[in-house]
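Enquirer: Structure in structure tokens, see below.
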Amino acid sequence: MHSTTMENCDYSIRRSDLGRVEGVNNGMANIKQGEGVPDFVLLDEISENAVFNNMKKRYQIDQIYTYIGDVVVAVNPYKALDICSPKHIDSYRGRYMYEMPPHIYALSNDVYGSMLRSQEDQCVIISGESGAGKTESSKILMRYVAAVSKSSREVDRVKNQLLDSNPILEAFGNAKTLRNDNSSRFGKYMEIQFEKDGAPVGGKISNYLLEKSRVVTRAPGERSFHIFYNLLAGGSNELGALQLKSDPTAYDYLRSSECVKVDSINDVKDFQEVLKGLNSLGFGNNEKNTMWKIISAILHLGNVKFKDDATARTGQTKVEAANPQEVDVVAKLLQVDARALKNALVSRSISTGVGKRGSVISVPLDQGQALFTRDALAKSIYEKLFNWLIGFINSRLENKTSSEKLVIGVLDIYGFEIFENNSFEQFCINLCNEKLQQLFIELTLKSEQEEYVKEGIKWEPIKYFNNKIICDLIEGKPMGVISLLDEACLIAECTDMTFLDKINTNFVKHPHFDSYKKSQNKMIPGDGFMLKHYAGDVTYRVPGFLEKNKDTLYLDLINSMRTSPDKIILDLFPAPDINSKKRPLTAATQFKIALAQLMDKLLACQPHYIRCVKPNEQKKPGAIDEERVRHQIRYLGLVENVRVRRAGFAYRQTYERFLWRYKMTAPATWPQFSGSPKDGTQALLKAHNINSEEYRLGKTKVFIRNPTTLFHYEDVRAKEMPRVVTCMQAAWRGFINRAKWSQRKAAIKIQLYYRRYRFRNYFVQLRQVFANVKQDKNWGKNFQWPSHPRILSNGVKYLHMVHANWRAKMMITSLSKEEQAHMRQKVLAYDLFKGKKPWAVPRRFDADYLGKNSNPHKEAYIVGMQTLFSTYGDTEVNFADYVTKVNPVGKSQKRGIVVTEKNIYKHDPKNYKVKKFGTPLVSVRCIWLSSKKDTFCVVQVDPSSGARDMVIDLGDEMGTSNEKYSEFVTVLVNEIKKLTGRTVDVKFSDSINYNNTRDAKKPGQECTLRFEASYDAKFRGSQFKSGKNNVNTVYFA
């Protein structure tokens, strides 16, 4: 009814470190008013009423687990409770049972820890009637062990396979009954194998008494095994090949009980879980296909009908298959000879005579015998398939290494059964429960007695019902019920009723046997007998006892199955040894032997118990049927179990744990006791004035007689806990803060030293890299800087900047004065034009281009300059070149332009005569350029000077990238700065206003110059074009 998720974690040893706590090892701190006691041992009164009322009180608030010492009593809630999540697993991991509320996780933790601590095998015996939650309890336990045990790739594989085997076993071994929608119809003992360090490495499953009769018949309202319905609902891909229909009512074996659909069961989903489990456990396609064929063959076999054979002679009883096509389908699925199968279903071979005089004759069967034979084959096939399935799973799970393994065994076996019609199966099931009850009482009393002897405490015997008398009645030799049943099976003339007469005669005086013939009790039918079990009186009907006990399958059927070439079918039906004179064991004897082997296994382990209780028959959450629950309390022996735990002393605890838990209740022991734990325990008992008759001091434990004494300690402890918690919190916070501060100081110091080391190491490397930087021709430009600590990123950026500045200085100081001046001019150009207008950065500024030899009129230019200098007093040519000037009427004219230290002169390029006068540099107000790729420049002058603005193109006539406006502008800016001390504005705009028609007499007209790119592929350079309304345009490539 619960669910959890497996996760991988480590495990820490638990309460076995300090000794086992009997009685109240269940978290006394978790007792709350109105919730009942978490351990039945703590009840004031030990009676059936007290146990029931405590169980009812806890169940109604969803407290489904209660302890009896270290036994867990679990009541099925019939609903999902949030009590089995991964966080719950973590909360119980490595904790003492008494520290946490009752839970299967606490017991699971105890089991796993006991195995690790003692290096001994453990077992968990889960008991209770059908529907009480045994299967779910076993799954919860296994999930916990899987979650807390050690993990590795191989270990995880084993864990997953162990868990994945559950859906397969439930599908093939569980069924819907009137009492339980997922009832286990077989007994299961799963052994999980561990290495010494607690890592699961394998497993083994033992099964007991599969209820194979459920394949062919069951009570109305019940279902056959889940796998039949799972396959029909979820195996849509397989149905065609198996000649199956998805409707279960199409098959007599499923239709007979009038129940094919259950609301709480999702057959489609369950089939997918089965497939997942089969794949996980390594079942191949051949194995899976054969299993589905066998399941399908059983369904088809149930549809086989019989009719009288028309060829029979007068007076002869002879039948044949009424629908032989169904037999053909069965034969095809099992790959057996159809003719042999048909003959085996309607006839039986009998050997007569001895030796050479012997012969075999075929005896025809009547309709009843044929149906019995058909059903016997169906049951046998399913049982053998189930046993093969478990064998295959074991072959995948079992660890075959030679080293000795530790084992945790989980016994999930059918509970005590009392139905309206109880037959051979219930007889065997109830024998098993009698044996388990006997084992439980013996081991409980034995462990209790050993505890008292070990601690030197006087043992006070407790009266209890010893069911050995019932076990002897059933399995005793030579006069037990099973012995008489086996004897009856050996006598050919013996019938079920003669067997009943035999046991009536032999047990007429036995106090636990009754029959109608013995007591004339009308409640007992004439074909039945009653056994007075520990769990209640059960009446068994004997019809079918002998046949079920013989559990034989006709040789003809076995031989027909052996005609199959399928290896799995042949493994299911091994060849019989016809020469063997040894009689096969009966079903009851086989079960008795298996049960004895199981008891031996359990006795070799340290036992733990989960007792499951079914609260009502309607599977209704929150409802509790008092009569039903009281019956289970009686037959589970819960009251006797409590009495055994309370025999003499209800509570015992190691001195260390007792002193640790209650030391805050007395000043003499708080906060620390300087003496031994035993002396501290005595001081606590004295401080609370506990009567000496209320306790005993053992060698390692204190024993307290009545729970009220313990409740007194718990009440005082509860009152003291707020003060204790406050002190603990203060101490803990102080410790944590001091520890954090110490860690922080240590971390800071470590970081400081480490940073110093890294910083020093970085600078040492840096010094090595730049050791010869002055000798490098590029002054370290291409040096590879060492990687630096991230925290130095800003400082390293600064170092790069310092290095760059140093390199710049070294580069400049290595230049001549002329080159330095040229470099300064370039830097100025960079500052002016960066990001504003494209310019030819690599081009060298040569200043006087007209004085170069490339000028054909160089001589005339020199004469003209001499005349200009002598006329106007200028002394330097800072820039001189040919340009295209726009005149006042908008025409482009080629002119020479010269910039001296004072003026800008224009001259005719032919005769180098200066046009009128120059433009004084002091009159230049602003220099305008566009942001485009054109080469035009507008020099605006102060209107008051009477001079015109200059619109000039300083580009190459061929339209190359050798622009000279950057040099021209920087010369103007430098010379104006020298002349006036002011920095002339250099502005960039794609729409420039200018006035090149102004003179001293008239103001002229304002014009606008715009810039457009030309998309003509043949266009080169920049060209001026006049427009209307004084709006002119410069086109550029």
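By order of appearance in the structure tokens: chains A, B, ..., then residues from 1 within every chain, and ligands from 1 in the order shown.
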As a VMD selection string, please: the residues near segment 935-949 of chain A (cut-off 6 Å, only C-alpha atoms, same-chain neighbours under 3 positions excluded).
Expert: chain A and resid 923 to 929 952 to 955 995 to 996 998 to 1000
Enquirer: Write down as a PyMOL selection string the residues of segment 588-773 of chain A whose backbone DSSP state falls under alpha helix (DSSP H).
Expert: chain A and resi 588-603+626-635+638-645+655-662+677-687+707-769
Enquirer: Would you kindly return, as an mmCIF file with C-alpha atoms, in the first residue's frame, each protein, DNA or RNA residue with an atom no farther than 6 Å from any atom of segment 297-312 of chain A, considering only C-alpha atoms and excluding same-chain residues fewer than 4 positions away?
Expert:
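Dumped to out_5.cif:
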data_model
loop_
_atom_site.group_PDB
_atom_site.id
_atom_site.type_symbol
_atom_site.label_atom_id
_atom_site.label_comp_id
_atom_site.auth_asym_id
_atom_site.auth_seq_id
_atom_site.Cartn_x
_atom_site.Cartn_y
_atom_site.Cartn_z
ATOM 1 C CA ASP A 252 -13.576 -21.069 -19.841
ATOM 2 C CA TYR A 253 -10.757 -21.134 -17.297
ATOM 3 C CA LYS A 293 2.902 -19.987 -25.798
ATOM 4 C CA GLN A 316 -18.334 -49.089 -23.875
ATOM 5 C CA LYS A 318 -15.533 -43.666 -24.836
ATOM 6 C CA VAL A 319 -15.211 -39.945 -25.545
ATOM 7 C CA GLU A 320 -13.489 -37.714 -28.055
ATOM 8 C CA ALA A 321 -12.727 -34.011 -28.289
ATOM 9 C CA ALA A 322 -15.868 -32.092 -29.254
ATOM 10 C CA GLU A 326 -8.710 -26.358 -29.962
ATOM 11 C CA VAL A 330 -2.648 -26.363 -28.061
ATOM 12 C CA ALA A 378 -3.238 -27.525 -17.304
#
Enquirer: Would you kindly return, as a PyMOL selection string, each protein, DNA or RNA residue with an atom no farther than 10 Å from any atom of Glu475 of chain A, considering only C-alpha atoms and excluding same-chain residues fewer than 4 positions away?
Expert: chain A and resi 431+470-471+479-484+588-589+592
Enquirer: Write out as a ChimeraX atom specification the residues lying within 8 Å of Met561 of chain A, counting only C-alpha atoms and excluding same-chain residues fewer than 3 positions away.
Expert: /A:334,336,341,557-558,564,569-570,573
Enquirer: Could those selected residues go to a file with N, CA, C and O atoms, as a short mmCIF file (atom, residue, chain, number, x, y, z; two decimals), in the first residue's frame?
Expert:
data_model
loop_
_atom_site.label_atom_id
_atom_site.label_comp_id
_atom_site.auth_asym_id
_atom_site.auth_seq_id
_atom_site.Cartn_x
_atom_site.Cartn_y
_atom_site.Cartn_z
N LEU A 334 2.48 -25.72 -28.21
CA LEU A 334 3.48 -26.46 -27.43
C LEU A 334 4.43 -27.25 -28.33
O LEU A 334 5.38 -27.87 -27.82
N VAL A 336 3.87 -30.01 -29.90
CA VAL A 336 3.79 -31.43 -29.61
C VAL A 336 2.96 -32.11 -30.69
O VAL A 336 2.26 -31.47 -31.48
N LEU A 341 -1.41 -36.02 -28.26
CA LEU A 341 -2.08 -35.22 -27.24
C LEU A 341 -3.55 -35.57 -27.16
O LEU A 341 -4.12 -35.72 -26.07
N LEU A 557 0.28 -38.32 -20.85
CA LEU A 557 0.38 -36.87 -20.98
C LEU A 557 1.85 -36.44 -20.99
O LEU A 557 2.24 -35.56 -21.77
N ILE A 558 2.64 -37.04 -20.13
CA ILE A 558 4.08 -36.69 -20.09
C ILE A 558 4.73 -37.03 -21.42
O ILE A 558 5.49 -36.23 -21.99
N SER A 564 7.64 -32.61 -28.05
CA SER A 564 7.98 -31.24 -28.45
C SER A 564 9.49 -31.11 -28.62
O SER A 564 10.27 -31.64 -27.80
N ILE A 569 10.10 -26.93 -22.96
CA ILE A 569 9.03 -27.89 -22.73
C ILE A 569 9.62 -29.21 -22.24
O ILE A 569 9.10 -29.84 -21.31
N LEU A 570 10.71 -29.63 -22.85
CA LEU A 570 11.35 -30.88 -22.44
C LEU A 570 11.89 -30.78 -21.02
O LEU A 570 11.87 -31.76 -20.26
N PHE A 573 9.09 -31.31 -18.58
CA PHE A 573 8.61 -32.69 -18.49
C PHE A 573 9.78 -33.66 -18.74
O PHE A 573 9.93 -34.21 -19.84
#
